[in-house]
Structure formats: structure tokens, C-alpha cells
$ cat coords06.cif   # mmCIF, C-alpha atoms and all ligand atoms
data_final
#
loop_
_atom_site.label_atom_id
_atom_site.label_comp_id
_atom_site.auth_asym_id
_atom_site.auth_seq_id
_atom_site.Cartn_x
_atom_site.Cartn_y
_atom_site.Cartn_z
CA MET A 1 0.00 0.00 0.00
CA ILE A 2 1.51 3.29 -1.08
CA ARG A 3 0.46 6.17 1.13
CA LYS A 4 1.24 9.65 -0.16
CA PRO A 5 3.29 11.48 2.46
CA PHE A 6 1.68 14.53 4.03
CA ILE A 7 3.63 17.32 5.68
CA ALA A 8 1.54 19.91 7.50
CA GLY A 9 2.50 22.94 9.53
CA ASN A 10 0.71 24.06 12.65
CA TRP A 11 1.31 27.74 13.20
CA LYS A 12 -0.45 27.64 16.59
CA MET A 13 -0.92 31.25 17.87
CA ASN A 14 1.86 32.72 15.74
CA MET A 15 2.25 34.97 12.69
CA THR A 16 0.26 37.95 11.41
CA ALA A 17 -1.39 38.53 8.05
CA GLU A 18 1.75 40.33 6.90
CA SER A 19 4.43 37.92 8.18
CA GLY A 20 2.35 34.89 7.23
CA ALA A 21 1.80 36.01 3.64
CA LYS A 22 5.50 36.84 3.32
CA LEU A 23 6.46 33.36 4.53
CA ILE A 24 4.02 31.65 2.16
CA LYS A 25 5.37 33.66 -0.78
CA GLU A 26 8.91 32.59 0.13
CA LEU A 27 7.98 28.96 0.74
CA ALA A 28 5.91 28.53 -2.42
CA PRO A 29 8.76 28.15 -4.95
CA LEU A 30 10.76 26.00 -2.51
CA VAL A 31 7.97 23.44 -2.09
CA ALA A 32 6.53 23.60 -5.61
CA ASN A 33 8.06 20.26 -6.66
CA ALA A 34 7.23 18.36 -3.49
CA ASN A 35 6.38 14.68 -3.74
CA CYS A 36 4.06 14.97 -0.78
CA ASP A 37 0.87 16.81 0.11
CA VAL A 38 1.62 20.12 1.81
CA ALA A 39 -0.57 22.16 4.14
CA LEU A 40 -0.27 24.99 6.62
CA CYS A 41 -2.82 25.07 9.43
CA VAL A 42 -3.11 28.67 10.54
CA PRO A 43 -4.99 30.73 13.14
CA ALA A 44 -8.62 31.20 12.03
CA ILE A 45 -8.28 34.95 11.66
CA LEU A 46 -5.47 34.48 9.13
CA ILE A 47 -7.33 31.98 6.93
CA PRO A 48 -8.69 34.49 4.37
CA ALA A 49 -5.33 36.22 3.88
CA MET A 50 -3.32 32.98 3.83
CA THR A 51 -5.74 31.40 1.35
CA GLU A 52 -5.15 34.41 -0.86
CA ALA A 53 -1.36 34.19 -0.42
CA ALA A 54 -1.34 30.46 -1.23
CA LYS A 55 -3.49 30.78 -4.35
CA GLY A 56 -1.89 29.02 -7.33
CA THR A 57 0.58 27.12 -5.12
CA ASN A 58 0.55 23.52 -3.86
CA ILE A 59 0.20 24.72 -0.26
CA ALA A 60 -3.26 23.93 1.11
CA ILE A 61 -4.54 26.01 3.99
CA GLY A 62 -5.95 24.28 7.05
CA ALA A 63 -7.53 25.34 10.32
CA GLU A 64 -6.33 24.61 13.84
CA ASN A 65 -9.75 23.48 15.05
CA VAL A 66 -13.37 23.25 13.94
CA HIS A 67 -16.67 23.05 15.79
CA TRP A 68 -19.27 20.33 15.29
CA ALA A 69 -22.41 22.46 15.08
CA GLU A 70 -23.61 24.01 11.84
CA SER A 71 -24.09 27.38 13.57
CA GLY A 72 -25.31 28.75 16.86
CA ALA A 73 -24.39 30.04 20.28
CA TYR A 74 -20.78 28.80 20.54
CA THR A 75 -18.77 31.94 21.23
CA GLY A 76 -15.23 31.75 19.91
CA GLU A 77 -15.76 28.69 17.75
CA ILE A 78 -15.66 28.27 13.96
CA SER A 79 -17.97 26.07 11.87
CA CYS A 80 -17.20 23.81 8.93
CA ALA A 81 -19.26 26.05 6.64
CA GLN A 82 -17.21 29.08 7.68
CA LEU A 83 -13.99 27.22 6.89
CA LYS A 84 -15.31 25.89 3.60
CA GLU A 85 -16.15 29.40 2.45
CA TYR A 86 -12.38 29.89 2.14
CA GLY A 87 -11.65 26.48 0.63
CA VAL A 88 -10.10 25.09 3.81
CA LYS A 89 -9.21 21.43 3.27
CA TYR A 90 -7.90 20.33 6.64
CA ALA A 91 -8.63 20.93 10.31
CA ILE A 92 -6.46 19.88 13.21
CA ILE A 93 -8.65 18.32 15.89
CA GLY A 94 -7.82 17.43 19.49
CA HIS A 95 -4.33 18.93 19.55
CA SER A 96 -2.70 18.25 22.92
CA GLU A 97 -2.68 22.00 23.65
CA ARG A 98 -6.48 22.08 23.14
CA ARG A 99 -6.81 19.09 25.43
CA GLN A 100 -4.39 20.45 28.07
CA TYR A 101 -5.30 24.13 28.20
CA PHE A 102 -8.87 24.25 26.92
CA GLY A 103 -10.39 21.10 28.37
CA GLU A 104 -11.15 19.36 25.10
CA THR A 105 -12.22 15.76 25.52
CA ASP A 106 -12.28 12.65 23.37
CA GLU A 107 -16.04 13.11 23.09
CA GLY A 108 -15.60 16.60 21.66
CA VAL A 109 -12.82 15.37 19.39
CA ASN A 110 -15.23 12.77 18.09
CA LYS A 111 -18.00 15.33 17.40
CA ARG A 112 -15.58 17.66 15.65
CA THR A 113 -14.15 14.80 13.60
CA LEU A 114 -17.54 13.56 12.44
CA ALA A 115 -18.61 17.11 11.51
CA ALA A 116 -15.44 17.71 9.51
CA LEU A 117 -15.87 14.44 7.60
CA ALA A 118 -19.51 15.19 6.88
CA ASN A 119 -18.42 18.51 5.40
CA GLY A 120 -15.56 17.19 3.27
CA ILE A 121 -12.84 18.64 5.51
CA THR A 122 -10.02 16.20 6.32
CA PRO A 123 -9.60 15.99 10.09
CA ILE A 124 -6.05 15.74 11.41
CA VAL A 125 -6.83 13.99 14.67
CA CYS A 126 -4.09 14.33 17.27
CA VAL A 127 -3.33 11.64 19.80
CA GLY A 128 -0.44 11.15 22.17
CA GLU A 129 0.63 10.46 25.72
CA THR A 130 2.14 12.71 28.37
CA LEU A 131 5.57 12.04 29.86
CA ALA A 132 4.01 10.66 33.06
CA GLU A 133 1.88 8.30 31.00
CA ARG A 134 4.86 7.06 28.97
CA GLU A 135 6.96 6.61 32.10
CA GLY A 136 4.00 4.91 33.81
CA GLY A 137 3.83 2.37 30.99
CA VAL A 138 0.29 3.30 29.95
CA THR A 139 1.01 4.80 26.50
CA GLU A 140 -0.91 2.09 24.64
CA LYS A 141 -3.86 2.33 27.00
CA VAL A 142 -4.02 6.11 26.51
CA LEU A 143 -3.83 5.77 22.72
CA ASP A 144 -6.47 3.01 22.74
CA LYS A 145 -8.95 5.32 24.42
CA GLN A 146 -8.12 8.38 22.32
CA LEU A 147 -8.54 6.35 19.13
CA ALA A 148 -11.63 4.35 20.13
CA ASP A 149 -13.51 7.36 21.54
CA GLY A 150 -12.20 9.95 19.10
CA LEU A 151 -12.97 7.90 15.98
CA LYS A 152 -16.27 6.39 17.13
CA GLY A 153 -18.81 6.23 14.31
CA VAL A 154 -16.33 7.14 11.55
CA GLU A 155 -17.45 5.36 8.39
CA ASP A 156 -14.33 5.59 6.25
CA VAL A 157 -11.27 5.85 8.48
CA ALA A 158 -9.03 6.29 5.41
CA LYS A 159 -10.46 9.84 5.19
CA VAL A 160 -8.94 10.69 8.58
CA VAL A 161 -5.34 11.76 9.10
CA ILE A 162 -3.89 10.83 12.49
CA ALA A 163 -1.11 12.86 14.06
CA TYR A 164 0.82 11.04 16.78
CA GLU A 165 2.16 13.81 18.97
CA PRO A 166 3.73 12.70 22.22
CA VAL A 167 2.94 15.60 24.56
CA TRP A 168 6.47 15.48 25.96
CA ALA A 169 7.92 16.14 22.50
CA SER A 170 5.63 18.99 21.47
CA GLY A 171 7.23 22.42 21.63
CA THR A 172 9.93 21.08 23.95
CA GLY A 173 12.79 20.50 21.53
CA ARG A 174 12.75 16.89 22.70
CA THR A 175 11.96 14.54 19.79
CA ALA A 176 10.94 10.93 19.98
CA THR A 177 13.69 8.75 18.51
CA ASP A 178 13.02 7.31 15.07
CA ALA A 179 12.47 3.92 16.68
CA GLN A 180 10.13 5.24 19.39
CA ALA A 181 8.02 7.11 16.86
CA GLN A 182 7.94 4.12 14.48
CA GLU A 183 7.01 1.70 17.24
CA THR A 184 4.19 3.83 18.56
CA ILE A 185 2.83 4.72 15.13
CA ALA A 186 2.89 1.04 14.13
CA TYR A 187 0.90 0.37 17.30
CA ILE A 188 -1.62 3.09 16.33
CA ARG A 189 -2.01 1.50 12.89
CA LYS A 190 -2.55 -1.91 14.46
CA LYS A 191 -5.17 -0.47 16.81
CA ILE A 192 -6.99 1.26 13.94
CA GLY A 193 -6.93 -2.12 12.18
CA GLN A 194 -8.67 -3.67 15.17
CA LEU A 195 -11.20 -0.86 15.51
CA PHE A 196 -11.98 -0.75 11.78
CA CYS A 197 -10.25 -3.26 9.51
CA PRO A 198 -6.57 -4.05 8.88
CA LYS A 199 -6.86 -3.11 5.21
CA CYS A 200 -8.42 0.26 6.10
CA ALA A 201 -5.60 0.91 8.57
CA GLU A 202 -3.06 0.46 5.78
CA LYS A 203 -4.63 3.43 3.99
CA VAL A 204 -4.56 5.85 6.93
CA ILE A 205 -1.96 8.59 6.81
CA ILE A 206 -0.29 8.80 10.22
CA GLN A 207 1.95 11.77 10.90
CA TYR A 208 4.52 12.23 13.63
CA GLY A 209 4.54 15.55 15.46
CA GLY A 210 6.84 16.86 18.16
CA SER A 211 9.97 18.92 17.56
CA MET A 212 10.29 17.58 14.01
CA ASN A 213 12.76 19.76 12.16
CA ALA A 214 15.02 20.07 9.13
CA GLY A 215 17.66 17.94 10.84
CA ASN A 216 15.63 14.98 12.07
CA CYS A 217 12.92 14.76 9.39
CA LYS A 218 14.76 12.36 7.09
CA GLY A 219 15.25 9.73 9.77
CA LEU A 220 11.67 9.96 10.95
CA MET A 221 10.25 9.90 7.42
CA ALA A 222 12.34 6.81 6.58
CA GLN A 223 10.33 4.77 9.08
CA PRO A 224 7.84 2.47 7.37
CA ASP A 225 4.76 3.57 9.31
CA ILE A 226 5.50 7.31 9.49
CA ASP A 227 3.68 8.97 6.60
CA GLY A 228 4.28 12.59 7.39
CA GLY A 229 4.75 15.27 9.96
CA LEU A 230 2.77 17.87 11.86
CA ILE A 231 5.29 20.62 12.31
CA GLY A 232 5.03 23.37 14.91
CA GLY A 233 8.01 25.69 15.39
CA ALA A 234 9.81 24.70 12.19
CA SER A 235 6.73 25.62 10.11
CA LEU A 236 7.24 29.27 11.03
CA LYS A 237 10.38 29.51 8.92
CA LEU A 238 11.90 28.34 5.66
CA ASP A 239 13.01 25.12 7.39
CA PHE A 240 9.49 23.96 6.60
CA ALA A 241 10.54 23.67 2.93
CA THR A 242 13.47 21.43 3.89
CA ILE A 243 11.07 19.13 5.73
CA VAL A 244 8.65 19.08 2.78
CA ASN A 245 11.60 18.10 0.58
CA PHE A 246 12.72 15.36 3.00
CA ASP A 247 13.12 12.90 0.12
CA LYS A 248 15.50 15.03 -1.96
P1 LIG B 1 6.77 21.58 17.63
O1 LIG B 1 7.14 21.07 16.26
O2 LIG B 1 6.99 23.02 17.81
O3 LIG B 1 7.34 20.71 18.70
O4 LIG B 1 5.17 21.38 17.73
C1 LIG B 1 4.63 20.17 17.44
C2 LIG B 1 3.18 20.31 17.38
O5 LIG B 1 2.52 20.42 18.40
C3 LIG B 1 2.55 20.35 16.06
O6 LIG B 1 1.17 20.28 16.15
#
$ encode --input "coords06.cif" --output "C-alpha cells"
Amino acid sequence: MIRKPFIAGNWKMNMTAESGAKLIKELAPLVANANCDVALCVPAILIPAMTEAAKGTNIAIGAENVHWAESGAYTGEISCAQLKEYGVKYAIIGHSERRQYFGETDEGVNKRTLAALANGITPIVCVGETLAEREGGVTEKVLDKQLADGLKGVEDVAKVVIAYEPVWASGTGRTATDAQAQETIAYIRKKIGQLFCPKCAEKVIIQYGGSMNAGNCKGLMAQPDIDGGLIGGASLKLDFATIVNFDK
């Protein structure tokens, strides 16, 4: 099964309309011949300007979250329809920072994921354990729950992108080793196979995220189960192009 690699940036709460557009203009020629899918997930307020800046390039613009309801009294949230108005193709869902700082739960992740799928937006569903969980030997148990509850009711799991982001490696400069990331992502694929079907699991793009950078991307991307990256800090600079071109 050939899975097309997918490198996505997550700008988090960084950049402005001006600095973001400048970066996209500089990145565009550097990533134009990529052999992978390329996206930048940006703060909601920047989506219109970044969509404009990325027009005519192979950089897709994604969101950092999406709400499940069509519309209504959900102050501060953004709907699928609002994202689709700007051609948004991807939405990160259940990022560890949303879970840690904003109380997002697997149940909410599930509702957001189902809404995105129903609206033709590819959800990038984030899973991953904390340092205490890894050291306590419960990584697999944590992932089991995040996957089972987060993906409940999904009809075609191949339409979901999974990002394995160990919380201890996100924004810390501490990366999982190639072997650690491979082992855990292979476990995630096996679990998806059990929850859905083994053949479906072979089609699912699973990214690694957590201090992935221009220096360590080749080793991570060489692992058989790692299909891409969700890049935080390094997506705020031209290093992102080096990661996109990991195979060159
Ligand atoms: P860093 O690449 O900055 O560690 O962030 C990873 C991440 O959380 C991407 O979603």
C-alpha cells in the first residue's frame, strides 16, 4: 500500500497577516516540486489572507480546530461552513494543547471529527501520551482510548489523518527517537486495524509531530509507518521547505 506522504505545519498562535503572507510567498517556490501533500494550518483569523497568499501554489490552507455544530451560540468557535467558504481542506482536531489548556475531551474530538468528515474537511486527529503516561507504561492504554472514543462512528477511516504527537515532545525541543516514533505509530495503525479493519488501517496517513525539524525529518520519514509530519516551530520559517523536501 503506497500512502502519499503529508507534511503539514501548525502555526499555533503565531504569525500575522503580513508575516504569514510573506512566509508563504517565500515557501511557495521551494515546495513547488514536493512529492508529498503540503498544508499549513493557521490561526482562524489568518485563513482568508493565507488562502489568498497560497493561491496558485501547492500549499493547502488548514484550520487549527473546527466546531461540530452548523451554527449557533458557541462563542469563539468556527464552523465547517465558515472554513469551507475559504476552501479550507484540513482541520487539526484534538491537539494536545487544546486538550491540556482548553479542556477538550475525546467526546468533543469525536463530534468535531464527524462534523469535519460530513463537510468534506479532512480531520487531522491528534493523539499522544504525556511524559508521566509514557513513564508509567500506559502509552498504549491512553492511545487506545483516544482512538476508540475519538474515531467512534467514523465510516471511512481512510479519510482521517492521524497525528501522533507525544505531549512530551511537542514544543519542547525533545523529539521521539526514530524507533520510538515508528514503534508507537505502528501500534496506532494496528489499533486502527482492530477498531476498523486491517486493510483500512493500511490506507490511513499517520503523521509524527513533536519537535520535528530540518535535521531529524529524514530519519523519521524513513520509518515504514510514518507517513508525514505535523510541524510546529519549524513551520514558522523556511526550514518547513526542507522538511517538505525530505526525500530530496
Ligand atoms: P513543535 O514542532 O513546535 O514541537 O510542535 C509540534 C506540534 O505540536 C505540532 O502540532
$ residues_around --input "coords06.cif" --residues "Lys25 in chain A" --least-positions-apart "4" --cutoff "8 Å" --atoms "all atoms listed in the file" --output "list in words"
Ala21, Pro29, Ala53 and Ala54 of chain A
$ atom_distance --input "coords06.cif" --atom1 "CA of Ser19 in chain A" --atom2 "CA of Ile59 in chain A"
16.2 Å
$ residues_near_point --input "coords06.cif" --point "(-16.4, 19.4, 2.4)" --cutoff "12 Å" --atoms "all atoms listed in the file" --output "list in words"
Ser79, Cys80, Ala81, Gln82, Leu83, Lys84, Glu85, Tyr86, Gly87, Val88, Lys89, Tyr90, Ala91, Leu114, Ala115, Ala116, Leu117, Ala118, Asn119, Gly120, Ile121, Thr122, Pro123 and Lys159 of chain A
$ residues_around --input "coords06.cif" --residues "Ala28 in chain A" --least-positions-apart "4" --cutoff "9 Å" --atoms "all atoms listed in the file" --output "list in words"
Leu23, Ile24, Ala32, Ala54, Thr57, Asn58, Ile59 and Ala241 of chain A
$ residues_near_ligand --input "coords06.cif" --ligand "ligand LIG 1 (chain B)" --cutoff "6 Å" --atoms "only C-alpha atoms and all ligand atoms" --output "PyMOL selection string"
chain A and resi 10+169-172+209-212+230-233
$ atom_distance --input "coords06.cif" --atom1 "CA of Glu77 in chain A" --atom2 "CA of Lys55 in chain A"
25.4 Å
$ closest_residue --input "coords06.cif" --among "A:Gly136, A:Ile7, A:Thr175, A:Gln194" --to "Met221 in chain A" --atoms "only C-alpha atoms"
A:Ile7
$ residues_around --input "coords06.cif" --residues "Thr130 in chain A" --least-positions-apart "4" --cutoff "8 Å" --atoms "all atoms listed in the file" --output "PyMOL selection string"
chain A and resi 134+166-168
$ closest_residue --input "coords06.cif" --among "A:Ile2, A:Ala181, A:Leu238, A:Ala17" --to "Lys203 in chain A" --atoms "all atoms listed in the file"
A:Ile2
$ residues_around --input "coords06.cif" --residues "range 213-220 of chain A" --least-positions-apart "2" --cutoff "9 Å" --atoms "all atoms listed in the file" --output "PyMOL selection string"
chain A and resi 175+177-179+181-182+208+210-211+222-223+226+228-229+231-235+239-244+246-247
$ closest_residue --input "coords06.cif" --among "A:Leu131, A:Gly56, A:Gln146, A:Thr51" --to "Arg99 in chain A" --atoms "only C-alpha atoms"
A:Gln146
$ decode --input "coords06.cif" --residues "range 184-208 of chain A" --atoms "N, CA, C and O atoms" --output "PDB file, in the first residue's frame"
ATOM      1  N   THR A 184       5.489   3.389  18.078  1.00  0.00           N
ATOM      2  CA  THR A 184       4.191   3.831  18.564  1.00  0.00           C
ATOM      3  C   THR A 184       3.213   4.023  17.396  1.00  0.00           C
ATOM      4  O   THR A 184       2.036   3.692  17.507  1.00  0.00           O
ATOM      5  N   ILE A 185       3.713   4.519  16.284  1.00  0.00           N
ATOM      6  CA  ILE A 185       2.825   4.720  15.135  1.00  0.00           C
ATOM      7  C   ILE A 185       2.393   3.361  14.558  1.00  0.00           C
ATOM      8  O   ILE A 185       1.237   3.191  14.153  1.00  0.00           O
ATOM      9  N   ALA A 186       3.282   2.389  14.576  1.00  0.00           N
ATOM     10  CA  ALA A 186       2.890   1.036  14.132  1.00  0.00           C
ATOM     11  C   ALA A 186       1.804   0.499  15.059  1.00  0.00           C
ATOM     12  O   ALA A 186       0.853  -0.157  14.614  1.00  0.00           O
ATOM     13  N   TYR A 187       1.937   0.813  16.352  1.00  0.00           N
ATOM     14  CA  TYR A 187       0.900   0.373  17.299  1.00  0.00           C
ATOM     15  C   TYR A 187      -0.444   1.047  16.968  1.00  0.00           C
ATOM     16  O   TYR A 187      -1.494   0.401  16.953  1.00  0.00           O
ATOM     17  N   ILE A 188      -0.388   2.350  16.673  1.00  0.00           N
ATOM     18  CA  ILE A 188      -1.619   3.086  16.332  1.00  0.00           C
ATOM     19  C   ILE A 188      -2.265   2.461  15.092  1.00  0.00           C
ATOM     20  O   ILE A 188      -3.482   2.255  15.041  1.00  0.00           O
ATOM     21  N   ARG A 189      -1.445   2.118  14.115  1.00  0.00           N
ATOM     22  CA  ARG A 189      -2.011   1.503  12.893  1.00  0.00           C
ATOM     23  C   ARG A 189      -2.658   0.149  13.224  1.00  0.00           C
ATOM     24  O   ARG A 189      -3.735  -0.168  12.719  1.00  0.00           O
ATOM     25  N   LYS A 190      -1.992  -0.603  14.082  1.00  0.00           N
ATOM     26  CA  LYS A 190      -2.554  -1.908  14.465  1.00  0.00           C
ATOM     27  C   LYS A 190      -3.899  -1.711  15.179  1.00  0.00           C
ATOM     28  O   LYS A 190      -4.877  -2.398  14.898  1.00  0.00           O
ATOM     29  N   LYS A 191      -3.935  -0.736  16.055  1.00  0.00           N
ATOM     30  CA  LYS A 191      -5.170  -0.470  16.809  1.00  0.00           C
ATOM     31  C   LYS A 191      -6.298  -0.028  15.861  1.00  0.00           C
ATOM     32  O   LYS A 191      -7.444  -0.467  16.007  1.00  0.00           O
ATOM     33  N   ILE A 192      -5.966   0.825  14.906  1.00  0.00           N
ATOM     34  CA  ILE A 192      -6.986   1.255  13.936  1.00  0.00           C
ATOM     35  C   ILE A 192      -7.478   0.036  13.145  1.00  0.00           C
ATOM     36  O   ILE A 192      -8.662  -0.103  12.861  1.00  0.00           O
ATOM     37  N   GLY A 193      -6.560  -0.878  12.858  1.00  0.00           N
ATOM     38  CA  GLY A 193      -6.929  -2.120  12.178  1.00  0.00           C
ATOM     39  C   GLY A 193      -7.932  -2.923  12.995  1.00  0.00           C
ATOM     40  O   GLY A 193      -8.880  -3.485  12.450  1.00  0.00           O
ATOM     41  N   GLN A 194      -7.735  -2.934  14.302  1.00  0.00           N
ATOM     42  CA  GLN A 194      -8.666  -3.674  15.172  1.00  0.00           C
ATOM     43  C   GLN A 194     -10.005  -2.952  15.278  1.00  0.00           C
ATOM     44  O   GLN A 194     -11.056  -3.571  15.281  1.00  0.00           O
ATOM     45  N   LEU A 195      -9.951  -1.632  15.345  1.00  0.00           N
ATOM     46  CA  LEU A 195     -11.197  -0.861  15.513  1.00  0.00           C
ATOM     47  C   LEU A 195     -12.010  -0.828  14.217  1.00  0.00           C
ATOM     48  O   LEU A 195     -13.227  -0.766  14.240  1.00  0.00           O
ATOM     49  N   PHE A 196     -11.302  -0.828  13.084  1.00  0.00           N
ATOM     50  CA  PHE A 196     -11.976  -0.750  11.777  1.00  0.00           C
ATOM     51  C   PHE A 196     -11.654  -2.039  11.030  1.00  0.00           C
ATOM     52  O   PHE A 196     -12.258  -3.057  11.314  1.00  0.00           O
ATOM     53  N   CYS A 197     -10.688  -2.011  10.121  1.00  0.00           N
ATOM     54  CA  CYS A 197     -10.250  -3.263   9.514  1.00  0.00           C
ATOM     55  C   CYS A 197      -8.786  -3.090   9.127  1.00  0.00           C
ATOM     56  O   CYS A 197      -8.333  -1.965   8.861  1.00  0.00           O
ATOM     57  N   PRO A 198      -8.009  -4.162   9.141  1.00  0.00           N
ATOM     58  CA  PRO A 198      -6.571  -4.050   8.876  1.00  0.00           C
ATOM     59  C   PRO A 198      -6.280  -3.378   7.540  1.00  0.00           C
ATOM     60  O   PRO A 198      -5.361  -2.570   7.431  1.00  0.00           O
ATOM     61  N   LYS A 199      -7.077  -3.710   6.526  1.00  0.00           N
ATOM     62  CA  LYS A 199      -6.859  -3.110   5.207  1.00  0.00           C
ATOM     63  C   LYS A 199      -7.093  -1.607   5.240  1.00  0.00           C
ATOM     64  O   LYS A 199      -6.387  -0.838   4.573  1.00  0.00           O
ATOM     65  N   CYS A 200      -8.132  -1.181   5.996  1.00  0.00           N
ATOM     66  CA  CYS A 200      -8.421   0.262   6.102  1.00  0.00           C
ATOM     67  C   CYS A 200      -7.240   0.948   6.778  1.00  0.00           C
ATOM     68  O   CYS A 200      -6.831   2.046   6.388  1.00  0.00           O
ATOM     69  N   ALA A 201      -6.695   0.307   7.802  1.00  0.00           N
ATOM     70  CA  ALA A 201      -5.600   0.914   8.568  1.00  0.00           C
ATOM     71  C   ALA A 201      -4.385   1.156   7.679  1.00  0.00           C
ATOM     72  O   ALA A 201      -3.643   2.129   7.878  1.00  0.00           O
ATOM     73  N   GLU A 202      -4.193   0.299   6.695  1.00  0.00           N
ATOM     74  CA  GLU A 202      -3.056   0.463   5.777  1.00  0.00           C
ATOM     75  C   GLU A 202      -3.184   1.725   4.942  1.00  0.00           C
ATOM     76  O   GLU A 202      -2.212   2.217   4.371  1.00  0.00           O
ATOM     77  N   LYS A 203      -4.414   2.239   4.823  1.00  0.00           N
ATOM     78  CA  LYS A 203      -4.635   3.431   3.988  1.00  0.00           C
ATOM     79  C   LYS A 203      -4.516   4.731   4.782  1.00  0.00           C
ATOM     80  O   LYS A 203      -4.515   5.818   4.202  1.00  0.00           O
ATOM     81  N   VAL A 204      -4.509   4.635   6.106  1.00  0.00           N
ATOM     82  CA  VAL A 204      -4.562   5.848   6.926  1.00  0.00           C
ATOM     83  C   VAL A 204      -3.188   6.520   6.980  1.00  0.00           C
ATOM     84  O   VAL A 204      -2.185   5.880   7.302  1.00  0.00           O
ATOM     85  N   ILE A 205      -3.190   7.800   6.686  1.00  0.00           N
ATOM     86  CA  ILE A 205      -1.961   8.591   6.811  1.00  0.00           C
ATOM     87  C   ILE A 205      -1.745   8.888   8.296  1.00  0.00           C
ATOM     88  O   ILE A 205      -2.624   9.465   8.948  1.00  0.00           O
ATOM     89  N   ILE A 206      -0.600   8.490   8.817  1.00  0.00           N
ATOM     90  CA  ILE A 206      -0.286   8.799  10.218  1.00  0.00           C
ATOM     91  C   ILE A 206       0.992   9.632  10.259  1.00  0.00           C
ATOM     92  O   ILE A 206       2.050   9.222   9.792  1.00  0.00           O
ATOM     93  N   GLN A 207       0.821  10.839  10.793  1.00  0.00           N
ATOM     94  CA  GLN A 207       1.948  11.771  10.904  1.00  0.00           C
ATOM     95  C   GLN A 207       2.601  11.636  12.273  1.00  0.00           C
ATOM     96  O   GLN A 207       1.952  11.246  13.246  1.00  0.00           O
ATOM     97  N   TYR A 208       3.858  12.036  12.337  1.00  0.00           N
ATOM     98  CA  TYR A 208       4.517  12.225  13.627  1.00  0.00           C
ATOM     99  C   TYR A 208       4.581  13.727  13.883  1.00  0.00           C
ATOM    100  O   TYR A 208       4.825  14.513  12.951  1.00  0.00           O
TER     101      TYR A 208
END
